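Asks: Could you have a look at this structure, given as structure tokens, before my questions?
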Amino acid sequence: MSHSGGFIPIVAVYLLVALIVFAGRSGLHTMVIPAEAAALFAGAAGGGALAPAVDVPIPAMIAVVLLSGLAASAAGYTAGHRLGPPALGWRVLIVRRERLLQAHRYLAHSVRSALFLGPFTGFRRQVMPALAGITALPYRRFLAWTGLGTATWTLLFVGLGTLASRHAQGITRITAGVFLLAVLSLVAADFTVWRLRTR
């Protein structure tokens, strides 16, 4: 699929998806829009849901989602390795202590499945990389299993978005447009609040 002829910069779409996936999968950030929504949007965009405004190749969208997810996992692991428990955030340590302990026990008893399945659940995908870093799990082992899980997660959700765009193009186009507008509105609101606080 060519990415010529669109009037929305294709780089802007890549950055939008990358930032949401990274923020949604990283334990260092809180994101209103889940990473799954960005992956579905990426698939829909690659399937033509935003045409003719932008023409995005599906392989590129898969690469963007995959690399953003891996970057988020690497950031979480590095933070956990360097900072220890504070990398998880005091709110997680205090408010979700029981769930955190369950995730830690799961990682201790079944490293492979914990890291592979981690990307598929919101809480665990945010804390598993940091927990792996805190417990000094070898990085190569961490990367192998979290990478396999992230690749599976990416193909699943981008594939679902692409499938939806090809079977329900009218609905998908409207949904993708609303998603894009909502994200841009949130970014604008966040920037406005930041400007007001820094004055």
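Labeling convention for the structure tokens: chains A, B, ... as they appear, residues from 1 per chain, ligands from 1 in order of appearance.
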Tell me which protein, DNA and RNA residues are within 8 Å of Ser68 in chain A, counting only C-alpha atoms, leaving out same-chain ones fewer than 6 positions away, and put them as a PyMOL selection string.

Replies: chain A and resi 18-19+21-22

Asks: Give me the residues near Leu148 in chain A as a CSV table (one decimal) with C-alpha atoms, in the first residue's frame, where near means some atom within 10 Å (using only C-alpha atoms) and where sequence neighbours in that chain fewer than 3 positions away do not count.

Replies:
chain,number,residue,atom,x,y,z
A,70,LEU,CA,9.2,-3.2,23.3
A,112,ARG,CA,7.9,-17.5,30.8
A,115,LEU,CA,6.3,-12.3,30.7
A,116,PHE,CA,4.5,-13.7,27.6
A,117,LEU,CA,1.0,-13.0,28.9
A,119,PRO,CA,1.2,-7.5,27.6
A,143,LEU,CA,13.5,-9.6,26.3
A,144,ALA,CA,13.0,-13.0,24.7
A,145,TRP,CA,9.7,-13.8,26.5
A,151,ALA,CA,4.7,-9.5,19.0
A,152,THR,CA,1.7,-11.7,19.6
A,153,TRP,CA,-0.2,-8.8,21.2
A,154,THR,CA,0.7,-6.5,18.3

Asks: Between CA of Ala130 in chain A and CA of Thr146 in chain A, measure the distance and give it in Å to one decimal.

Replies: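 That distance, rounded to one decimal, is 12.1 Å.
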
Asks: From a DSSP pass on the backbone, collect the residues of range 6-164 of chain A flagged as helix (DSSP H, G or I) and hand them back as a PyMOL selection string.

Replies: chain A and resi 10-25+35-46+58-83+85-88+90-95+97-109+111-120+122-134+139-164

Asks: Would you list the contacts of Met128 in chain A as a PDB file with all heavy atoms, in the first residue's frame, taking every protein, DNA or RNA residue within 9 Å and counting only C-alpha atoms, but skipping same-chain residues closer than 2 positions in sequence?

Replies:
ATOM      1  N   GLY A  27       4.905   1.343  32.773  1.00  0.00           N
ATOM      2  CA  GLY A  27       4.563   1.561  34.166  1.00  0.00           C
ATOM      3  C   GLY A  27       4.938   2.941  34.650  1.00  0.00           C
ATOM      4  O   GLY A  27       4.596   3.330  35.771  1.00  0.00           O
ATOM      5  N   SER A  73       8.513  -1.734  27.499  1.00  0.00           N
ATOM      6  CA  SER A  73       8.966  -2.828  28.361  1.00  0.00           C
ATOM      7  C   SER A  73      10.417  -2.627  28.794  1.00  0.00           C
ATOM      8  O   SER A  73      10.770  -2.838  29.952  1.00  0.00           O
ATOM      9  CB  SER A  73       8.824  -4.174  27.644  1.00  0.00           C
ATOM     10  OG  SER A  73       7.469  -4.458  27.380  1.00  0.00           O
ATOM     11  N   GLY A  76      10.584   0.068  31.418  1.00  0.00           N
ATOM     12  CA  GLY A  76      10.143  -0.435  32.720  1.00  0.00           C
ATOM     13  C   GLY A  76      11.197  -1.307  33.377  1.00  0.00           C
ATOM     14  O   GLY A  76      11.460  -1.192  34.578  1.00  0.00           O
ATOM     15  N   TYR A  77      11.825  -2.185  32.596  1.00  0.00           N
ATOM     16  CA  TYR A  77      12.876  -3.051  33.138  1.00  0.00           C
ATOM     17  C   TYR A  77      14.054  -2.223  33.646  1.00  0.00           C
ATOM     18  O   TYR A  77      14.569  -2.459  34.748  1.00  0.00           O
ATOM     19  CB  TYR A  77      13.346  -4.025  32.060  1.00  0.00           C
ATOM     20  CG  TYR A  77      14.441  -4.962  32.518  1.00  0.00           C
ATOM     21  CD1 TYR A  77      14.144  -6.223  33.006  1.00  0.00           C
ATOM     22  CD2 TYR A  77      15.787  -4.575  32.455  1.00  0.00           C
ATOM     23  CE1 TYR A  77      15.142  -7.088  33.434  1.00  0.00           C
ATOM     24  CE2 TYR A  77      16.795  -5.421  32.880  1.00  0.00           C
ATOM     25  CZ  TYR A  77      16.466  -6.674  33.367  1.00  0.00           C
ATOM     26  OH  TYR A  77      17.471  -7.516  33.803  1.00  0.00           O
ATOM     27  N   ALA A 103       1.262 -10.415  41.227  1.00  0.00           N
ATOM     28  CA  ALA A 103       2.076 -10.352  40.008  1.00  0.00           C
ATOM     29  C   ALA A 103       3.502 -10.797  40.283  1.00  0.00           C
ATOM     30  O   ALA A 103       4.120 -11.500  39.478  1.00  0.00           O
ATOM     31  CB  ALA A 103       2.065  -8.927  39.449  1.00  0.00           C
ATOM     32  N   HIS A 104       4.035 -10.410  41.438  1.00  0.00           N
ATOM     33  CA  HIS A 104       5.399 -10.802  41.809  1.00  0.00           C
ATOM     34  C   HIS A 104       5.494 -12.306  42.002  1.00  0.00           C
ATOM     35  O   HIS A 104       6.462 -12.943  41.552  1.00  0.00           O
ATOM     36  CB  HIS A 104       5.810 -10.075  43.086  1.00  0.00           C
ATOM     37  CG  HIS A 104       7.227 -10.319  43.478  1.00  0.00           C
ATOM     38  ND1 HIS A 104       7.587 -11.332  44.353  1.00  0.00           N
ATOM     39  CD2 HIS A 104       8.388  -9.719  43.099  1.00  0.00           C
ATOM     40  CE1 HIS A 104       8.897 -11.322  44.507  1.00  0.00           C
ATOM     41  NE2 HIS A 104       9.405 -10.366  43.755  1.00  0.00           N
ATOM     42  N   LEU A 107       5.405 -14.007  38.604  1.00  0.00           N
ATOM     43  CA  LEU A 107       6.699 -13.888  37.926  1.00  0.00           C
ATOM     44  C   LEU A 107       7.719 -14.845  38.522  1.00  0.00           C
ATOM     45  O   LEU A 107       8.510 -15.468  37.803  1.00  0.00           O
ATOM     46  CB  LEU A 107       7.212 -12.447  38.020  1.00  0.00           C
ATOM     47  CG  LEU A 107       8.557 -12.160  37.354  1.00  0.00           C
ATOM     48  CD1 LEU A 107       8.472 -12.373  35.848  1.00  0.00           C
ATOM     49  CD2 LEU A 107       9.010 -10.737  37.654  1.00  0.00           C
ATOM     50  N   ALA A 114       4.431 -15.524  32.636  1.00  0.00           N
ATOM     51  CA  ALA A 114       4.197 -14.191  33.201  1.00  0.00           C
ATOM     52  C   ALA A 114       4.620 -13.110  32.225  1.00  0.00           C
ATOM     53  O   ALA A 114       3.901 -12.120  32.017  1.00  0.00           O
ATOM     54  CB  ALA A 114       4.949 -14.033  34.519  1.00  0.00           C
ATOM     55  N   LEU A 115       5.781 -13.288  31.598  1.00  0.00           N
ATOM     56  CA  LEU A 115       6.273 -12.289  30.659  1.00  0.00           C
ATOM     57  C   LEU A 115       5.549 -12.362  29.320  1.00  0.00           C
ATOM     58  O   LEU A 115       5.290 -11.332  28.690  1.00  0.00           O
ATOM     59  CB  LEU A 115       7.775 -12.463  30.453  1.00  0.00           C
ATOM     60  CG  LEU A 115       8.646 -12.177  31.682  1.00  0.00           C
ATOM     61  CD1 LEU A 115      10.110 -12.464  31.368  1.00  0.00           C
ATOM     62  CD2 LEU A 115       8.473 -10.741  32.154  1.00  0.00           C
ATOM     63  N   GLY A 118       1.945 -11.100  30.035  1.00  0.00           N
ATOM     64  CA  GLY A 118       1.910  -9.771  30.642  1.00  0.00           C
ATOM     65  C   GLY A 118       1.319  -8.688  29.758  1.00  0.00           C
ATOM     66  O   GLY A 118       0.497  -7.891  30.217  1.00  0.00           O
ATOM     67  N   PRO A 119       1.690  -8.612  28.469  1.00  0.00           N
ATOM     68  CA  PRO A 119       1.160  -7.547  27.610  1.00  0.00           C
ATOM     69  C   PRO A 119      -0.358  -7.565  27.439  1.00  0.00           C
ATOM     70  O   PRO A 119      -0.947  -6.568  27.030  1.00  0.00           O
ATOM     71  CB  PRO A 119       1.858  -7.815  26.264  1.00  0.00           C
ATOM     72  CG  PRO A 119       3.123  -8.507  26.625  1.00  0.00           C
ATOM     73  CD  PRO A 119       2.769  -9.366  27.797  1.00  0.00           C
ATOM     74  N   PHE A 123      -2.789  -4.152  34.092  1.00  0.00           N
ATOM     75  CA  PHE A 123      -1.962  -3.943  35.275  1.00  0.00           C
ATOM     76  C   PHE A 123      -0.628  -4.673  35.156  1.00  0.00           C
ATOM     77  O   PHE A 123       0.433  -4.095  35.414  1.00  0.00           O
ATOM     78  CB  PHE A 123      -2.705  -4.415  36.528  1.00  0.00           C
ATOM     79  CG  PHE A 123      -1.922  -4.254  37.792  1.00  0.00           C
ATOM     80  CD1 PHE A 123      -1.749  -2.987  38.357  1.00  0.00           C
ATOM     81  CD2 PHE A 123      -1.342  -5.341  38.423  1.00  0.00           C
ATOM     82  CE1 PHE A 123      -1.015  -2.828  39.525  1.00  0.00           C
ATOM     83  CE2 PHE A 123      -0.621  -5.186  39.587  1.00  0.00           C
ATOM     84  CZ  PHE A 123      -0.456  -3.938  40.142  1.00  0.00           C
ATOM     85  N   ARG A 124      -0.668  -5.918  34.743  1.00  0.00           N
ATOM     86  CA  ARG A 124       0.563  -6.707  34.688  1.00  0.00           C
ATOM     87  C   ARG A 124       1.536  -6.195  33.642  1.00  0.00           C
ATOM     88  O   ARG A 124       2.741  -6.251  33.833  1.00  0.00           O
ATOM     89  CB  ARG A 124       0.230  -8.174  34.441  1.00  0.00           C
ATOM     90  CG  ARG A 124      -0.319  -8.866  35.678  1.00  0.00           C
ATOM     91  CD  ARG A 124      -0.615 -10.320  35.432  1.00  0.00           C
ATOM     92  NE  ARG A 124      -1.097 -10.973  36.649  1.00  0.00           N
ATOM     93  CZ  ARG A 124      -1.571 -12.206  36.696  1.00  0.00           C
ATOM     94  NH1 ARG A 124      -1.627 -12.920  35.574  1.00  0.00           N
ATOM     95  NH2 ARG A 124      -1.989 -12.722  37.829  1.00  0.00           N
ATOM     96  N   ARG A 125       1.039  -5.704  32.522  1.00  0.00           N
ATOM     97  CA  ARG A 125       1.976  -5.218  31.512  1.00  0.00           C
ATOM     98  C   ARG A 125       2.682  -3.949  31.971  1.00  0.00           C
ATOM     99  O   ARG A 125       3.748  -3.616  31.474  1.00  0.00           O
ATOM    100  CB  ARG A 125       1.277  -5.008  30.174  1.00  0.00           C
ATOM    101  CG  ARG A 125       0.376  -3.810  30.103  1.00  0.00           C
ATOM    102  CD  ARG A 125       0.110  -3.436  28.655  1.00  0.00           C
ATOM    103  NE  ARG A 125      -1.087  -2.617  28.566  1.00  0.00           N
ATOM    104  CZ  ARG A 125      -2.222  -3.046  28.029  1.00  0.00           C
ATOM    105  NH1 ARG A 125      -2.310  -4.265  27.549  1.00  0.00           N
ATOM    106  NH2 ARG A 125      -3.263  -2.256  27.977  1.00  0.00           N
ATOM    107  N   GLN A 126       2.084  -3.220  32.927  1.00  0.00           N
ATOM    108  CA  GLN A 126       2.719  -2.024  33.450  1.00  0.00           C
ATOM    109  C   GLN A 126       3.726  -2.337  34.554  1.00  0.00           C
ATOM    110  O   GLN A 126       4.690  -1.609  34.722  1.00  0.00           O
ATOM    111  CB  GLN A 126       1.667  -1.053  33.965  1.00  0.00           C
ATOM    112  CG  GLN A 126       0.830  -0.434  32.861  1.00  0.00           C
ATOM    113  CD  GLN A 126      -0.132   0.624  33.368  1.00  0.00           C
ATOM    114  OE1 GLN A 126      -0.435   0.678  34.556  1.00  0.00           O
ATOM    115  NE2 GLN A 126      -0.611   1.464  32.488  1.00  0.00           N
ATOM    116  N   ALA A 130       9.065  -3.768  35.274  1.00  0.00           N
ATOM    117  CA  ALA A 130       9.753  -3.205  36.436  1.00  0.00           C
ATOM    118  C   ALA A 130      10.065  -4.286  37.461  1.00  0.00           C
ATOM    119  O   ALA A 130      11.158  -4.307  38.046  1.00  0.00           O
ATOM    120  CB  ALA A 130       8.903  -2.106  37.070  1.00  0.00           C
ATOM    121  N   LEU A 131       9.129  -5.205  37.685  1.00  0.00           N
ATOM    122  CA  LEU A 131       9.374  -6.315  38.618  1.00  0.00           C
ATOM    123  C   LEU A 131      10.534  -7.183  38.140  1.00  0.00           C
ATOM    124  O   LEU A 131      11.356  -7.630  38.945  1.00  0.00           O
ATOM    125  CB  LEU A 131       8.112  -7.170  38.766  1.00  0.00           C
ATOM    126  CG  LEU A 131       6.989  -6.597  39.616  1.00  0.00           C
ATOM    127  CD1 LEU A 131       5.751  -7.493  39.552  1.00  0.00           C
ATOM    128  CD2 LEU A 131       7.438  -6.434  41.076  1.00  0.00           C
ATOM    129  N   ALA A 132      10.593  -7.420  36.827  1.00  0.00           N
ATOM    130  CA  ALA A 132      11.702  -8.214  36.278  1.00  0.00           C
ATOM    131  C   ALA A 132      13.029  -7.502  36.515  1.00  0.00           C
ATOM    132  O   ALA A 132      14.043  -8.139  36.845  1.00  0.00           O
ATOM    133  CB  ALA A 132      11.491  -8.449  34.783  1.00  0.00           C
ATOM    134  N   GLY A 133      13.045  -6.185  36.361  1.00  0.00           N
ATOM    135  CA  GLY A 133      14.263  -5.421  36.628  1.00  0.00           C
ATOM    136  C   GLY A 133      14.631  -5.414  38.090  1.00  0.00           C
ATOM    137  O   GLY A 133      15.809  -5.531  38.458  1.00  0.00           O
TER     138      GLY A 133
END

Asks: Go through A:Ile134, A:Ala37, A:Leu100, A:Ile20 one by one, measure the shortest atom-to-atom distance of each to Gly84 in chain A using only C-alpha atoms, and give the residue with the smallest value.

Replies: A:Ile134

Asks: Restricting the calculation to only C-alpha atoms: of A:Gly46, A:Gly149, A:Gly122, A:Gly80, which residue gets closest to Val13 in chain A?

Replies: A:Gly46

Asks: Using only C-alpha atoms, find the one residue out of A:Pro129, A:Gly43, A:Gly147, A:Pro9 that sits nearest to Pro85 in chain A.

Replies: A:Pro129

Asks: Using only C-alpha atoms, find the one residue out of A:Thr121, A:Ala49, A:Leu163, A:Val64 that sits nearest to Pro34 in chain A.

Replies: A:Thr121

Asks: If you measure from CA of Ala72 in chain A to CA of Val17 in chain A, what distance in Å do you get, rounded to one decimal?

Replies: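 These two atoms are separated by 13.0 Å.
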
Asks: Could you tell me which of A:Ala108, A:Ile94, A:Ala12, A:Leu155 comes closest to Leu137 in chain A if we count only C-alpha atoms?

Replies: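 Checking each candidate against Leu137 in chain A, we get A:Ala108 as the closest.
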
Asks: Find the residue from A:Tyr14, A:Ala87, A:Ser165, A:Gly69 that sits nearest to Phe120 in chain A; use only C-alpha atoms when measuring.

Replies: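 Once distances to Phe120 in chain A are computed over only C-alpha atoms, the minimum belongs to A:Gly69.
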
Asks: Using CA of Ser113 in chain A and CA of Leu101 in chain A as the two end points, give the distance in Å to one decimal.

Replies: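 Spanning CA of Ser113 in chain A to CA of Leu101 in chain A is a straight-line distance of 16.5 Å.
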